[in-house]
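Asks: So here's entry-v8.pdb (PDB, C-alpha atoms).
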```pdb
ATOM      1  CA  MET A   1      93.387 -53.297  28.272
ATOM      2  CA  ALA A   2      95.303 -53.529  25.025
ATOM      3  CA  VAL A   3      97.420 -55.939  23.030
ATOM      4  CA  VAL A   4     100.870 -54.346  23.294
ATOM      5  CA  LEU A   5     103.977 -55.307  21.344
ATOM      6  CA  VAL A   6     107.232 -54.278  23.016
ATOM      7  CA  ALA A   7     110.158 -54.147  20.591
ATOM      8  CA  GLY A   8     113.351 -54.530  22.604
ATOM      9  CA  GLY A   9     111.390 -56.149  25.412
ATOM     10  CA  THR A  10     114.288 -58.250  26.716
ATOM     11  CA  GLY A  11     116.657 -55.272  27.067
ATOM     12  CA  PHE A  12     117.351 -53.299  30.214
ATOM     13  CA  ILE A  13     114.611 -50.691  29.755
ATOM     14  CA  GLY A  14     112.265 -52.837  27.678
ATOM     15  CA  SER A  15     112.121 -55.645  30.236
ATOM     16  CA  HIS A  16     110.923 -53.242  32.936
ATOM     17  CA  ILE A  17     108.255 -51.904  30.577
ATOM     18  CA  VAL A  18     107.115 -55.459  29.836
ATOM     19  CA  ARG A  19     106.721 -56.262  33.533
ATOM     20  CA  ARG A  20     104.874 -52.989  34.222
ATOM     21  CA  LEU A  21     102.440 -53.445  31.342
ATOM     22  CA  THR A  22     101.847 -57.076  32.276
ATOM     23  CA  ALA A  23     101.071 -56.037  35.862
ATOM     24  CA  ASP A  24      98.608 -53.473  34.484
ATOM     25  CA  GLY A  25      96.681 -56.255  32.745
ATOM     26  CA  HIS A  26      97.734 -55.695  29.139
ATOM     27  CA  ARG A  27      98.331 -58.659  26.859
ATOM     28  CA  VAL A  28     102.030 -58.186  26.138
ATOM     29  CA  ILE A  29     103.999 -59.536  23.186
ATOM     30  CA  VAL A  30     107.773 -59.224  22.981
ATOM     31  CA  MET A  31     109.485 -58.966  19.611
ATOM     32  CA  SER A  32     112.943 -60.479  19.473
ATOM     33  CA  ARG A  33     115.550 -61.405  16.888
ATOM     34  CA  ASN A  34     116.153 -64.569  18.925
ATOM     35  CA  PRO A  35     112.773 -65.864  20.204
ATOM     36  CA  GLU A  36     114.137 -69.041  21.821
ATOM     37  CA  LYS A  37     116.593 -67.075  23.937
ATOM     38  CA  ALA A  38     114.015 -64.382  24.696
ATOM     39  CA  ARG A  39     111.443 -66.816  26.086
ATOM     40  CA  GLY A  40     113.660 -67.454  29.083
ATOM     41  CA  LYS A  41     113.760 -63.724  29.874
ATOM     42  CA  VAL A  42     110.099 -62.723  29.829
ATOM     43  CA  PRO A  43     107.398 -63.151  32.506
ATOM     44  CA  ALA A  44     104.995 -66.075  32.333
ATOM     45  CA  GLY A  45     102.173 -65.472  29.898
ATOM     46  CA  VAL A  46     104.119 -63.072  27.687
ATOM     47  CA  GLU A  47     104.185 -64.151  24.048
ATOM     48  CA  VAL A  48     107.405 -63.901  22.043
ATOM     49  CA  ARG A  49     107.410 -63.321  18.304
ATOM     50  CA  ALA A  50     110.337 -63.311  15.886
ATOM     51  CA  GLY A  51     111.131 -59.987  14.269
ATOM     52  CA  ASP A  52     113.948 -57.580  13.528
ATOM     53  CA  THR A  53     113.452 -53.852  13.008
ATOM     54  CA  THR A  54     116.388 -53.749  10.584
ATOM     55  CA  ASP A  55     114.621 -56.318   8.361
ATOM     56  CA  ALA A  56     111.304 -54.775   7.297
ATOM     57  CA  ALA A  57     110.097 -58.063   5.770
ATOM     58  CA  THR A  58     109.878 -59.682   9.240
ATOM     59  CA  LEU A  59     107.586 -57.057  10.781
ATOM     60  CA  GLY A  60     104.194 -57.692   9.158
ATOM     61  CA  PRO A  61     103.491 -61.052  10.854
ATOM     62  CA  VAL A  62     104.786 -59.764  14.209
ATOM     63  CA  LEU A  63     102.172 -56.997  14.272
ATOM     64  CA  GLU A  64      99.139 -59.173  13.602
ATOM     65  CA  GLY A  65      96.442 -58.301  16.143
ATOM     66  CA  VAL A  66      98.607 -55.669  17.865
ATOM     67  CA  GLU A  67      96.922 -52.474  19.088
ATOM     68  CA  VAL A  68      99.892 -50.639  20.637
ATOM     69  CA  VAL A  69     103.610 -50.721  19.771
ATOM     70  CA  VAL A  70     106.244 -49.692  22.319
ATOM     71  CA  SER A  71     109.688 -49.295  20.764
ATOM     72  CA  ALA A  72     112.534 -49.643  23.274
ATOM     73  CA  VAL A  73     115.098 -51.128  20.896
ATOM     74  CA  GLN A  74     118.819 -50.701  21.558
ATOM     75  CA  PHE A  75     121.655 -52.346  19.684
ATOM     76  CA  PRO A  76     123.889 -54.808  21.584
ATOM     77  CA  ASN A  77     126.688 -53.221  23.633
ATOM     78  CA  HIS A  78     125.119 -49.768  23.402
ATOM     79  CA  PRO A  79     126.508 -47.046  23.279
ATOM     80  CA  VAL A  80     129.543 -48.585  21.544
ATOM     81  CA  GLU A  81     128.648 -48.911  17.868
ATOM     82  CA  ASN A  82     129.832 -51.860  15.764
ATOM     83  CA  PRO A  83     129.395 -50.945  12.079
ATOM     84  CA  ARG A  84     130.727 -54.324  10.927
ATOM     85  CA  LYS A  85     127.717 -56.023  12.531
ATOM     86  CA  GLY A  86     125.272 -53.267  11.654
ATOM     87  CA  TYR A  87     124.972 -52.133  15.264
ATOM     88  CA  THR A  88     124.811 -48.388  14.686
ATOM     89  CA  TYR A  89     122.440 -45.633  15.763
ATOM     90  CA  ILE A  90     121.439 -44.850  12.192
ATOM     91  CA  ARG A  91     120.664 -48.447  11.236
ATOM     92  CA  VAL A  92     118.952 -49.537  14.473
ATOM     93  CA  ASP A  93     117.468 -46.420  16.101
ATOM     94  CA  GLY A  94     116.877 -44.529  12.866
ATOM     95  CA  GLU A  95     116.137 -46.851   9.961
ATOM     96  CA  GLY A  96     114.850 -49.606  12.265
ATOM     97  CA  THR A  97     112.210 -47.320  13.752
ATOM     98  CA  VAL A  98     111.230 -46.066  10.297
ATOM     99  CA  HIS A  99     110.594 -49.703   9.290
ATOM    100  CA  LEU A 100     108.650 -50.452  12.475
ATOM    101  CA  VAL A 101     106.361 -47.425  12.346
ATOM    102  CA  GLU A 102     105.580 -48.021   8.664
ATOM    103  CA  ALA A 103     104.691 -51.646   9.426
ATOM    104  CA  ALA A 104     102.567 -50.426  12.357
ATOM    105  CA  ARG A 105     100.714 -48.025  10.061
ATOM    106  CA  LYS A 106      99.968 -50.775   7.557
ATOM    107  CA  ALA A 107      98.792 -53.098  10.357
ATOM    108  CA  GLY A 108      96.347 -50.537  11.719
ATOM    109  CA  VAL A 109      98.110 -50.108  15.065
ATOM    110  CA  GLN A 110      96.283 -47.571  17.258
ATOM    111  CA  ARG A 111      99.233 -46.122  19.206
ATOM    112  CA  PHE A 112     103.010 -45.975  18.802
ATOM    113  CA  VAL A 113     105.136 -45.245  21.887
ATOM    114  CA  TYR A 114     108.774 -44.450  21.219
ATOM    115  CA  LEU A 115     111.717 -44.080  23.587
ATOM    116  CA  SER A 116     113.860 -41.324  22.101
ATOM    117  CA  GLY A 117     116.490 -39.458  24.132
ATOM    118  CA  ALA A 118     117.087 -36.241  26.059
ATOM    119  CA  GLY A 119     118.416 -33.462  23.861
ATOM    120  CA  THR A 120     116.826 -34.708  20.638
ATOM    121  CA  ARG A 121     116.038 -31.618  18.568
ATOM    122  CA  GLU A 122     116.776 -30.102  15.194
ATOM    123  CA  GLY A 123     120.368 -28.960  14.706
ATOM    124  CA  GLN A 124     122.000 -31.761  16.677
ATOM    125  CA  THR A 125     124.875 -33.438  14.833
ATOM    126  CA  ARG A 126     125.844 -36.473  16.901
ATOM    127  CA  PRO A 127     124.839 -39.800  15.277
ATOM    128  CA  TRP A 128     122.491 -40.777  18.128
ATOM    129  CA  PHE A 129     120.590 -37.512  17.734
ATOM    130  CA  ILE A 130     120.444 -37.806  13.945
ATOM    131  CA  ALA A 131     118.991 -41.311  14.334
ATOM    132  CA  LYS A 132     116.453 -40.236  16.963
ATOM    133  CA  LEU A 133     115.375 -37.284  14.818
ATOM    134  CA  MET A 134     114.902 -39.617  11.855
ATOM    135  CA  ALA A 135     112.747 -41.894  14.022
ATOM    136  CA  GLU A 136     110.678 -39.088  15.541
ATOM    137  CA  LYS A 137     110.005 -37.539  12.126
ATOM    138  CA  ALA A 138     108.764 -40.863  10.743
ATOM    139  CA  ILE A 139     106.499 -41.356  13.753
ATOM    140  CA  ARG A 140     104.948 -37.885  13.562
ATOM    141  CA  GLU A 141     104.359 -38.163   9.819
ATOM    142  CA  SER A 142     102.917 -41.700   9.940
ATOM    143  CA  GLY A 143      99.400 -40.697  10.962
ATOM    144  CA  VAL A 144      99.507 -43.226  13.818
ATOM    145  CA  PRO A 145      98.680 -41.642  17.210
ATOM    146  CA  TYR A 146     101.934 -41.523  19.155
ATOM    147  CA  THR A 147     103.655 -40.736  22.427
ATOM    148  CA  ILE A 148     107.375 -39.951  22.419
ATOM    149  CA  PHE A 149     109.539 -40.007  25.533
ATOM    150  CA  ARG A 150     112.912 -38.278  25.702
ATOM    151  CA  PRO A 151     114.482 -39.761  28.836
ATOM    152  CA  SER A 152     117.640 -38.623  30.553
ATOM    153  CA  TRP A 153     120.266 -41.149  31.733
ATOM    154  CA  VAL A 154     118.314 -44.243  32.846
ATOM    155  CA  TYR A 155     119.694 -46.403  35.661
ATOM    156  CA  GLY A 156     118.543 -49.445  37.603
ATOM    157  CA  PRO A 157     119.600 -52.872  38.875
ATOM    158  CA  GLU A 158     120.580 -54.222  35.442
ATOM    159  CA  ASP A 159     122.006 -51.121  33.767
ATOM    160  CA  ARG A 160     125.411 -51.226  32.092
ATOM    161  CA  SER A 161     126.572 -47.752  33.127
ATOM    162  CA  LEU A 162     126.081 -46.834  36.772
ATOM    163  CA  ASN A 163     126.641 -50.454  37.776
ATOM    164  CA  LYS A 164     130.107 -50.227  36.226
ATOM    165  CA  PHE A 165     130.960 -47.546  38.769
ATOM    166  CA  ALA A 166     129.644 -49.817  41.528
ATOM    167  CA  THR A 167     131.910 -52.604  40.269
ATOM    168  CA  PHE A 168     134.890 -50.248  40.230
ATOM    169  CA  ALA A 169     134.052 -49.246  43.812
ATOM    170  CA  ARG A 170     134.169 -52.885  44.896
ATOM    171  CA  LEU A 171     137.332 -53.875  43.034
ATOM    172  CA  LEU A 172     139.558 -50.786  42.855
ATOM    173  CA  PRO A 173     141.062 -48.439  45.439
ATOM    174  CA  PHE A 174     139.458 -45.545  43.503
ATOM    175  CA  VAL A 175     136.546 -44.892  41.154
ATOM    176  CA  PRO A 176     137.600 -43.730  37.659
ATOM    177  CA  VAL A 177     135.586 -40.894  36.122
ATOM    178  CA  ILE A 178     135.807 -39.705  32.508
ATOM    179  CA  GLY A 179     136.240 -35.945  32.288
ATOM    180  CA  SER A 180     135.963 -33.351  35.033
ATOM    181  CA  GLY A 181     133.055 -34.988  36.841
ATOM    182  CA  LYS A 182     131.110 -31.737  36.481
ATOM    183  CA  THR A 183     128.788 -32.948  33.687
ATOM    184  CA  ARG A 184     125.225 -32.450  34.939
ATOM    185  CA  VAL A 185     122.507 -35.042  34.357
ATOM    186  CA  GLN A 186     119.150 -36.041  35.841
ATOM    187  CA  PRO A 187     119.456 -39.790  36.498
ATOM    188  CA  LEU A 188     116.090 -41.452  35.894
ATOM    189  CA  PHE A 189     115.098 -44.635  37.729
ATOM    190  CA  VAL A 190     114.080 -47.260  35.173
ATOM    191  CA  GLU A 191     110.887 -48.105  37.067
ATOM    192  CA  ASP A 192     109.784 -44.470  36.786
ATOM    193  CA  LEU A 193     110.220 -44.626  33.011
ATOM    194  CA  ALA A 194     108.246 -47.875  32.846
ATOM    195  CA  GLN A 195     105.503 -46.255  34.945
ATOM    196  CA  ALA A 196     105.454 -43.285  32.566
ATOM    197  CA  VAL A 197     105.005 -45.546  29.537
ATOM    198  CA  ALA A 198     102.197 -47.439  31.276
ATOM    199  CA  ALA A 199     100.519 -44.194  32.362
ATOM    200  CA  SER A 200     100.637 -42.839  28.806
ATOM    201  CA  LEU A 201      98.346 -45.684  27.712
ATOM    202  CA  ARG A 202      95.759 -44.735  30.338
ATOM    203  CA  THR A 203      95.186 -41.115  29.296
ATOM    204  CA  GLY A 204      94.175 -39.363  26.137
ATOM    205  CA  ALA A 205      96.305 -36.402  27.206
ATOM    206  CA  ALA A 206      99.413 -38.334  26.112
ATOM    207  CA  ILE A 207      98.273 -38.799  22.518
ATOM    208  CA  ASN A 208     100.601 -37.013  20.074
ATOM    209  CA  GLN A 209     102.703 -35.661  22.931
ATOM    210  CA  THR A 210     106.468 -35.571  23.344
ATOM    211  CA  TYR A 211     107.642 -35.790  26.946
ATOM    212  CA  GLU A 212     111.012 -34.956  28.387
ATOM    213  CA  ILE A 213     111.600 -37.045  31.490
ATOM    214  CA  GLY A 214     114.447 -37.242  33.976
ATOM    215  CA  GLY A 215     114.981 -37.820  37.639
ATOM    216  CA  PRO A 216     113.956 -35.244  40.267
ATOM    217  CA  GLU A 217     117.559 -34.152  40.917
ATOM    218  CA  GLU A 218     120.056 -32.432  38.627
ATOM    219  CA  LEU A 219     123.435 -33.787  39.720
ATOM    220  CA  THR A 220     127.040 -33.760  38.549
ATOM    221  CA  MET A 221     128.697 -37.082  37.789
ATOM    222  CA  ASP A 222     130.843 -36.661  40.891
ATOM    223  CA  GLU A 223     127.721 -36.131  43.006
ATOM    224  CA  ILE A 224     126.074 -39.200  41.477
ATOM    225  CA  ILE A 225     129.068 -41.403  42.247
ATOM    226  CA  ARG A 226     129.382 -40.064  45.777
ATOM    227  CA  ILE A 227     125.690 -40.818  46.427
ATOM    228  CA  MET A 228     126.273 -44.322  45.050
ATOM    229  CA  LEU A 229     129.275 -44.811  47.351
ATOM    230  CA  ARG A 230     127.268 -43.618  50.346
ATOM    231  CA  VAL A 231     124.470 -46.080  49.562
ATOM    232  CA  MET A 232     127.075 -48.855  49.239
ATOM    233  CA  GLY A 233     128.670 -47.862  52.542
ATOM    234  CA  ARG A 234     132.063 -47.278  50.933
ATOM    235  CA  ARG A 235     134.588 -44.464  50.794
ATOM    236  CA  LYS A 236     136.732 -44.207  47.688
ATOM    237  CA  PRO A 237     138.485 -41.271  46.010
ATOM    238  CA  LEU A 238     137.429 -40.312  42.472
ATOM    239  CA  LEU A 239     140.132 -40.348  39.801
ATOM    240  CA  HIS A 240     139.376 -38.098  36.830
ATOM    241  CA  SER A 241     140.761 -38.802  33.361
ATOM    242  CA  PRO A 242     140.730 -36.088  30.659
ATOM    243  CA  ALA A 243     138.153 -36.768  27.955
ATOM    244  CA  GLY A 244     140.699 -36.319  25.150
ATOM    245  CA  LEU A 245     143.023 -38.876  26.687
ATOM    246  CA  MET A 246     140.147 -41.349  27.124
ATOM    247  CA  LYS A 247     139.209 -40.974  23.466
ATOM    248  CA  ILE A 248     142.769 -41.825  22.441
ATOM    249  CA  ALA A 249     142.760 -44.834  24.760
ATOM    250  CA  ALA A 250     139.320 -45.913  23.520
ATOM    251  CA  TRP A 251     140.218 -45.843  19.830
ATOM    252  CA  PRO A 252     141.814 -49.335  19.690
ATOM    253  CA  LEU A 253     139.284 -50.716  22.198
ATOM    254  CA  GLN A 254     136.383 -50.152  19.817
ATOM    255  CA  PHE A 255     137.635 -52.993  17.593
ATOM    256  CA  LEU A 256     137.463 -55.610  20.354
ATOM    257  CA  PRO A 257     134.541 -58.053  20.649
ATOM    258  CA  ALA A 258     132.028 -56.509  23.078
ATOM    259  CA  ALA A 259     134.220 -53.390  23.132
ATOM    260  CA  PRO A 260     134.119 -51.641  26.524
ATOM    261  CA  LEU A 261     134.544 -48.154  25.071
ATOM    262  CA  SER A 262     134.869 -46.119  21.882
ATOM    263  CA  PRO A 263     135.581 -42.435  21.152
ATOM    264  CA  GLY A 264     131.917 -41.951  20.313
ATOM    265  CA  ALA A 265     130.857 -43.582  23.566
ATOM    266  CA  VAL A 266     133.055 -41.115  25.474
ATOM    267  CA  ASP A 267     131.099 -38.266  23.870
ATOM    268  CA  PHE A 268     127.841 -40.041  24.723
ATOM    269  CA  VAL A 269     128.843 -40.432  28.374
ATOM    270  CA  LEU A 270     129.773 -36.747  28.644
ATOM    271  CA  MET A 271     126.536 -35.514  27.078
ATOM    272  CA  GLU A 272     124.815 -32.819  29.149
ATOM    273  CA  GLU A 273     121.160 -32.354  28.202
ATOM    274  CA  PRO A 274     118.824 -31.035  30.939
ATOM    275  CA  VAL A 275     115.149 -31.989  30.783
ATOM    276  CA  ASP A 276     111.942 -30.395  32.040
ATOM    277  CA  ASN A 277     109.586 -32.843  33.779
ATOM    278  CA  THR A 278     106.671 -30.403  34.043
ATOM    279  CA  LEU A 279     104.538 -31.754  31.186
ATOM    280  CA  ALA A 280     105.156 -35.431  31.989
ATOM    281  CA  GLN A 281     104.296 -34.946  35.651
ATOM    282  CA  ARG A 282     101.170 -32.958  34.793
ATOM    283  CA  ASP A 283      99.768 -35.449  32.285
ATOM    284  CA  LEU A 284     101.017 -38.733  33.742
ATOM    285  CA  GLY A 285     100.929 -38.109  37.498
ATOM    286  CA  LEU A 286     104.480 -39.311  38.051
ATOM    287  CA  LYS A 287     106.256 -39.499  41.390
ATOM    288  CA  LEU A 288     109.942 -39.470  40.496
ATOM    289  CA  THR A 289     112.435 -41.430  42.562
ATOM    290  CA  PRO A 290     115.472 -39.722  44.170
ATOM    291  CA  LEU A 291     118.793 -41.329  43.236
ATOM    292  CA  ALA A 292     119.627 -42.678  46.692
ATOM    293  CA  GLU A 293     116.272 -44.459  46.809
ATOM    294  CA  GLY A 294     116.634 -45.819  43.282
ATOM    295  CA  LEU A 295     120.043 -47.272  44.199
ATOM    296  CA  SER A 296     118.684 -49.167  47.216
ATOM    297  CA  HIS A 297     119.506 -52.480  45.509
ATOM    298  CA  LEU A 298     123.191 -51.688  46.079
ATOM    299  CA  ARG A 299     122.688 -51.863  49.843
ATOM    300  CA  THR A 300     122.171 -55.599  49.536
ATOM    301  CA  ALA A 301     125.265 -55.973  47.339
ATOM    302  CA  ARG A 302     127.851 -54.275  49.548
ATOM    303  CA  ARG A 303     130.006 -57.331  49.857
TER     304      ARG A 303
END
```
Could I get this structure in the form of structure tokens?

Replies:
Amino acid sequence: MAVVLVAGGTGFIGSHIVRRLTADGHRVIVMSRNPEKARGKVPAGVEVRAGDTTDAATLGPVLEGVEVVVSAVQFPNHPVENPRKGYTYIRVDGEGTVHLVEAARKAGVQRFVYLSGAGTREGQTRPWFIAKLMAEKAIRESGVPYTIFRPSWVYGPEDRSLNKFATFARLLPFVPVIGSGKTRVQPLFVEDLAQAVAASLRTGAAINQTYEIGGPEELTMDEIIRIMLRVMGRRKPLLHSPAGLMKIAAWPLQFLPAAPLSPGAVDFVLMEEPVDNTLAQRDLGLKLTPLAEGLSHLRTARR
């Protein structure tokens, strides 16, 4: 078992990774910008250390004694950027990861696991892809053995995306959908991603590999929402709003505190990037969860 630092370990995805690695017997350390607040969010026995990927000077002490780094950092209110506070893809995902992997190299870390994103490849021009490419390049060139995951849309009990649709289904006579509803994605259950990260630490086959990973079903957004409604035991019509109109409506919203939407976030939501699970399933032995099963928590929240 290893000493594993999880950066972003109190976030939606990171917290599931922390619990999975702890259950596997690793000594887990969570890095947080706010250690006092983070201590109330981590399992018993998990150490919390103060550090911030956007401040390279804080990272040396955090990595003392660490053998493996798992980077699952996301900026607050993702995917709505807030440049005034420094919450942007370039600063957090890009430059922040560059700082973290360089600190890991200097500290003699033996493995760096990075959560990138589906569709990350040369030639992409969206800011989230530019940032992920910057991060991946730094990781590959660092000399530290690595594993990179490129997950599709990740959902689960605490996510901030699919659960919004569930809230709409409870409160509104319809469920609003941005765009045509025909965007195709492979929704990935967060526990499956956490299992994949844990499995990557158990096999040498994952060293210096990049894995695409998504759910077992390729579904349109309309199909996803209809499955969600069926699990919830509800019937609601879907109301589609043109993407261009939503961008216009989102423009002033992006300046609000904890903005619910921005033009860039509309593009992020409508992103269609299929993934191929073949390599991840071969090397990591994954059993991927169908959407209806992954949404089982909604059955207990019907009221």

Asks: Please report the interatomic distance between atom CA of A:Thr97 and atom CA of A:Ala7 in Å with one decimal.

Replies: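 Interatomic distance here is 9.9 Å.
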
Asks: Could you tell me which of A:Phe268, A:Phe12, A:Phe149, A:Phe75 comes closest to A:Ala206 if we count all atoms listed in the file?

Replies: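 Once distances to A:Ala206 are computed over all atoms listed in the file, the minimum belongs to A:Phe149.
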
Asks: Quick one: residues within 12 Å of A:Arg126, only C-alpha atoms counted, chain neighbours fewer than 3 positions away excluded, as a ChimeraX atom specification?

Replies: /A:89-90,119-123,129-133,264-265,267-268,271

Asks: With the file shown as input, list the residues that the PyMOL selection byres ((chain A and resi 78) around 12) selects, as a ChimeraX atom specification.

Replies: /A:11-12,73-77,79-82,87-89,92-93,128,159-161,254,258-262,264-266,268-269

Asks: What is the atom CA of A:Asp222-atom CA of A:Pro157 distance in Å, reported with one decimal?

Replies: 19.8 Å

Asks: Give as a VMD selection string the residues that the PyMOL selection byres ((chain A and resi 51) around 12) matches when applied to the coordinates above.

Replies: chain A and resid 5 to 9 29 to 35 38 48 to 50 52 to 63 73 96 99 to 100 103

Asks: Working from the structure I just supplied, which lacks atoms in stretch 173-189 of chain A, can you model N, CA and C atoms there and output them as a tab-separated table (two decimals), keeping the file's coordinate frame?

Replies:
```
chain	number	residue	atom	x	y	z
A	173	PRO	N	140.88	-49.36	44.32
A	173	PRO	CA	141.06	-48.44	45.44
A	173	PRO	C	140.52	-47.03	45.14
A	174	PHE	N	140.02	-46.83	43.92
A	174	PHE	CA	139.46	-45.54	43.50
A	174	PHE	C	138.35	-45.82	42.50
A	175	VAL	N	137.58	-44.78	42.19
A	175	VAL	CA	136.55	-44.89	41.15
A	175	VAL	C	136.94	-43.99	39.99
A	176	PRO	N	137.22	-44.55	38.81
A	176	PRO	CA	137.60	-43.73	37.66
A	176	PRO	C	136.40	-42.98	37.08
A	177	VAL	N	136.64	-41.74	36.69
A	177	VAL	CA	135.59	-40.89	36.12
A	177	VAL	C	136.14	-40.24	34.86
A	178	ILE	N	135.39	-40.35	33.75
A	178	ILE	CA	135.81	-39.70	32.51
A	178	ILE	C	135.48	-38.22	32.59
A	179	GLY	N	136.46	-37.38	32.29
A	179	GLY	CA	136.24	-35.94	32.29
A	179	GLY	C	136.36	-35.33	33.67
A	180	SER	N	135.80	-34.13	33.81
A	180	SER	CA	135.96	-33.35	35.03
A	180	SER	C	135.06	-33.81	36.16
A	181	GLY	N	134.03	-34.60	35.83
A	181	GLY	CA	133.06	-34.99	36.84
A	181	GLY	C	132.00	-33.93	37.07
A	182	LYS	N	132.06	-32.83	36.30
A	182	LYS	CA	131.11	-31.74	36.48
A	182	LYS	C	129.93	-31.80	35.50
A	183	THR	N	129.92	-32.78	34.60
A	183	THR	CA	128.79	-32.95	33.69
A	183	THR	C	127.51	-33.15	34.49
A	184	ARG	N	126.47	-32.40	34.17
A	184	ARG	CA	125.22	-32.45	34.94
A	184	ARG	C	124.17	-33.27	34.20
A	185	VAL	N	123.56	-34.20	34.92
A	185	VAL	CA	122.51	-35.04	34.36
A	185	VAL	C	121.40	-35.21	35.39
A	186	GLN	N	120.28	-35.76	34.95
A	186	GLN	CA	119.15	-36.04	35.84
A	186	GLN	C	118.87	-37.54	35.80
A	187	PRO	N	119.61	-38.33	36.57
A	187	PRO	CA	119.46	-39.79	36.50
A	187	PRO	C	118.02	-40.22	36.78
A	188	LEU	N	117.49	-41.04	35.87
A	188	LEU	CA	116.09	-41.45	35.89
A	188	LEU	C	116.00	-42.94	36.25
A	189	PHE	N	115.29	-43.25	37.31
A	189	PHE	CA	115.10	-44.64	37.73
A	189	PHE	C	114.26	-45.36	36.69
```
